[in-house]
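Notes to accompany the following structure.
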Amino acid sequence: MLNSHDAFLLISALVAVIALVVLIARFKINPFVVLMTVSLALGIVAGMPLSTIVKSFETGVGGTLGHIAIIVALGTMLGKMMAESGGADRIAHTLIQLFGEQRVPWAMMVVGLLVGLPVFFEVGFVLLVPIAFNIARRTNTPLTLVGLPMVAGLSVVHGLVPPHPAAMLAVTAYNADIGRTVLYALLIGTPTAILAGPLYARVIAPHIHLDPHNPIADQFVEETPRENLPSFSLTLATILLPISLMLVGSWADAFTVPQTRLNGILHLFGTADIALLVGAGVSFITLGKMRGFSREAIQKFADESLAPTATILLLIGAGGGFGRILQDSGTSQAIIHLALRAHISILLSAWLVAALVRLATGSATVAMTMAAGIIAPIALHTGVRPELLTIATGAGSLVFSHVNDGGFWMVKEYLGMTITQTMKSWSICETIISVVALLLALLLSSII
């Protein structure tokens, strides 16, 4: 049984989440104001020292935006250059020709899986969302039917497949073999992405009616005559450049001597911030200068692209602040206590700990890292394959993204959804990924 204080913290957190959804979705109060107010109120109710509550919220906001703000800004600039030059239109046309209009959701899932392999979810999202906007517009396909399979593919590889940092930390903590982990993750992740992406999108899309006026989508969709579009190879090379840099950076230690200058340079250019900075800079040339745009025009595109992201960044930051209050108030620890008191299999325990931490903090990376650290000492003598334990932990870290997760607000704002629509689509998509991946890991564990 939980002690009374832990139970109180869990109930308070649940009430806070319900209050957030009701105030934003039902009463239409500004989401940033609601997130900040409810976060501070939760800190008071949970018994945090009054002098630390505001600081805790600010720390959460700063910690979240320190990573995501740069990615959103640079990724949006690159996306704007793809739109203005017609590059996103070119990729959209090519994918439609290759897969056909009826199989566009499958194409977007595959693209999400491939692009997501070397990059964080947020990076892959800002790189691919201009293509999703263009494909949806060109094929007259509901944006949900195009966007949901894309984010499903990105999310699966983010949570389950090394070399993502959280997955690599879990591999290390469990002493798993990275090659087998990647193999099992792909065996489990592919059918999982199919169920949560194209198939679920077909079910939910008819029930989600988006406002046709989406200011973010409008800036990424430009009507360019087909004959004036940039080449597919040039556009693809531009968008793959930052992804390639990050991939090289993640494997730098494999083909250079660690701690050397070359190794340091590869790691530097392999960070998401620098890779996207290089990608945006190159796009100013390949999709700007080479397309005949003046320096003033390119500067105007870059400036214009940032304006619609202000609200997104504020909401992402506030969600991070709410997650930090949950951590500093002791709610995250109460959740861990709840999970560890459940006498269940080690695979299910790893999933449950990660899932509960994810619900509390909103971060898949934090959830996977914390869960691996907690479960690893227990798992040493269980005989369970560590590779499957890594995957079960990653699956738990993806469950039901909600208002304290930056990804939730990115999907909501970019796709122009309401809170309720985002939960029906994105949050349930994440839950399908989480549950199906766990079930397949349990099935595979009984076979091998």
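Here's how to read the names in the structure tokens: chain A, B, ... by the order shown, residue numbers from 1 in each chain, ligand numbers from 1 in the order shown.
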
* Contacts of segment 323-337 of chain A within 10 Å, only C-alpha atoms, excl. fewer than 4 positions in-chain, as a PyMOL selection string -> chain A and resi 1-3+5-13+39-49+52-61+63-64+317-319+341-342+352-363+367+370-371+374+403-405

* Spatial neighbours of Gln102 of chain A, 12 Å, only C-alpha atoms, chain gap at least 2 places, as a list in words -> Leu95, Ile96, Gln97, Leu98, Phe99, Gly100, Val104, Pro105, Trp106, Ala107, Met108, Ile135, Ala136, Thr139, Asn140, Thr141, Leu145, Val146, Pro198 and Arg202 of chain A

* Who sits within 12 Å of Lys300 of chain A, only C-alpha atoms, same chain under 3 positions skipped, as a PyMOL selection string -> chain A and resi 77+80-81+84+284+288+293-297+303-307

Write the selection just made, keeping N, CA and C atoms, as a CSV table (one decimal), in the first residue's frame?
```csv
chain,number,residue,atom,x,y,z
A,77,MET,N,13.1,27.5,-40.0
A,77,MET,CA,13.8,28.3,-41.1
A,77,MET,C,14.1,27.4,-42.3
A,80,LYS,N,10.9,26.7,-44.0
A,80,LYS,CA,10.4,27.8,-44.8
A,80,LYS,C,11.1,27.9,-46.1
A,81,MET,N,12.4,27.7,-46.1
A,81,MET,CA,13.2,27.7,-47.3
A,81,MET,C,12.7,26.6,-48.3
A,84,GLU,N,9.4,28.0,-49.7
A,84,GLU,CA,9.5,29.2,-50.7
A,84,GLU,C,10.2,28.7,-52.0
A,284,PHE,N,19.9,28.2,-47.2
A,284,PHE,CA,19.9,29.6,-47.7
A,284,PHE,C,20.7,29.6,-49.0
A,288,GLY,N,18.0,28.9,-51.6
A,288,GLY,CA,17.8,30.4,-51.7
A,288,GLY,C,18.6,31.0,-52.8
A,293,PHE,N,16.9,33.8,-55.2
A,293,PHE,CA,16.4,34.7,-54.1
A,293,PHE,C,17.6,35.6,-53.7
A,294,SER,N,17.2,36.9,-53.4
A,294,SER,CA,18.2,37.8,-53.0
A,294,SER,C,18.5,37.6,-51.5
A,295,ARG,N,19.6,38.2,-51.0
A,295,ARG,CA,19.9,38.1,-49.5
A,295,ARG,C,18.7,38.7,-48.7
A,296,GLU,N,18.1,39.8,-49.2
A,296,GLU,CA,17.0,40.4,-48.4
A,296,GLU,C,15.8,39.5,-48.4
A,297,ALA,N,15.6,38.8,-49.5
A,297,ALA,CA,14.4,37.9,-49.5
A,297,ALA,C,14.6,36.7,-48.5
A,303,ASP,N,13.0,35.6,-41.0
A,303,ASP,CA,12.3,36.4,-40.0
A,303,ASP,C,10.8,36.0,-39.9
A,304,GLU,N,10.2,35.8,-41.1
A,304,GLU,CA,8.7,35.5,-41.1
A,304,GLU,C,8.5,34.1,-40.5
A,305,SER,N,9.4,33.2,-40.6
A,305,SER,CA,9.2,31.8,-40.2
A,305,SER,C,9.1,31.7,-38.6
A,306,LEU,N,9.7,32.7,-38.0
A,306,LEU,CA,9.8,32.6,-36.5
A,306,LEU,C,8.6,33.1,-35.8
A,307,ALA,N,7.8,34.0,-36.4
A,307,ALA,CA,6.7,34.6,-35.7
A,307,ALA,C,5.7,33.5,-35.2
```

* To do: Check segment 261-382 of chain A with DSSP on the backbone and list each residue it calls alpha helix (DSSP H), as a ChimeraX atom specification.
  => /A:261-270,272-286,295-306,309-328,331-341,346-361,364-379

* One decimal, Å: what's the distance from atom CA of Leu247 of chain A over to atom CA of Val129 of chain A, could you say? => 20.4 Å

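Between atom CA of Ile131 of chain A and atom CA of Arg90 of chain A there is a distance of 9.1 Å.
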
* Please provide the set of residues having any atom within 9 Å of Leu315 of chain A, restricted to only C-alpha atoms, with same-chain residues fewer than 5 positions apart removed, written as a list in words. => Pro31, Phe32, Leu35, Ala310, Gly320, Val403, Gly406, Trp409 and Met410 of chain A

* Extract, using only C-alpha atoms, all DNA, RNA and protein residues at most 9 Å from Thr420 of chain A, discarding same-chain residues fewer than 5 positions from it, and format them as an NGL selection string. => :A and (21 or 25 or 425)

Next, dump the selected residues to file, keeping only C-alpha atoms, as an mmCIF file, in the first residue's frame.
```
data_model
loop_
_atom_site.group_PDB
_atom_site.id
_atom_site.type_symbol
_atom_site.label_atom_id
_atom_site.label_comp_id
_atom_site.auth_asym_id
_atom_site.auth_seq_id
_atom_site.Cartn_x
_atom_site.Cartn_y
_atom_site.Cartn_z
ATOM 1 C CA VAL A 21 -7.689 19.856 -19.804
ATOM 2 C CA ALA A 25 -10.568 22.676 -23.737
ATOM 3 C CA SER A 425 -5.111 11.336 -32.145
#
```

* **Exercise: Leu439 of chain A partners within 12 Å, only C-alpha atoms, chain neighbours under 3 positions left out, as an MDAnalysis selection string** => chainID A and resid 188:189 191:192 347:348 351 388 391:392 395:396 432:436 442:446

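For Ile204 of chain A, the set of protein, DNA and RNA residues having any atom at most 10 Å away, when counting only C-alpha atoms and skipping those fewer than 6 positions along the same chain, is Thr144, Leu145, Leu148, Gln421, Lys424, Ser425, Ile428 and Cys429 of chain A.
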
* **Given only C-alpha atoms as the counted atoms, nearest of A:His93, A:His402, A:His209, A:Arg180 to Thr390 of chain A** =>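 For Thr390 of chain A, the nearest of the candidates is A:Arg180.
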
* Could you jot down the atom CA of Ala437 of chain A to atom CA of Thr418 of chain A separation for me, Å, one decimal place? =>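 Here the two named atoms are 27.5 Å from each other.
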
* From the set A:Leu236, A:Pro212, A:Pro206, A:Ile375, which residue has the shortest atom-to-atom contact distance to Ile346 of chain A, counting only C-alpha atoms? -> A:Ile375

* **Nearest candidate to Leu117 of chain A (options A:Ala19, A:Ala176, A:Leu78, A:Leu154; using only C-alpha atoms)** => A:Leu154

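Residue nearest Ser427 of chain A within the list A:Gly407, A:Gly373, A:Gly79, A:Gly147: A:Gly407 [criterion: smallest interatomic distance, only C-alpha atoms].
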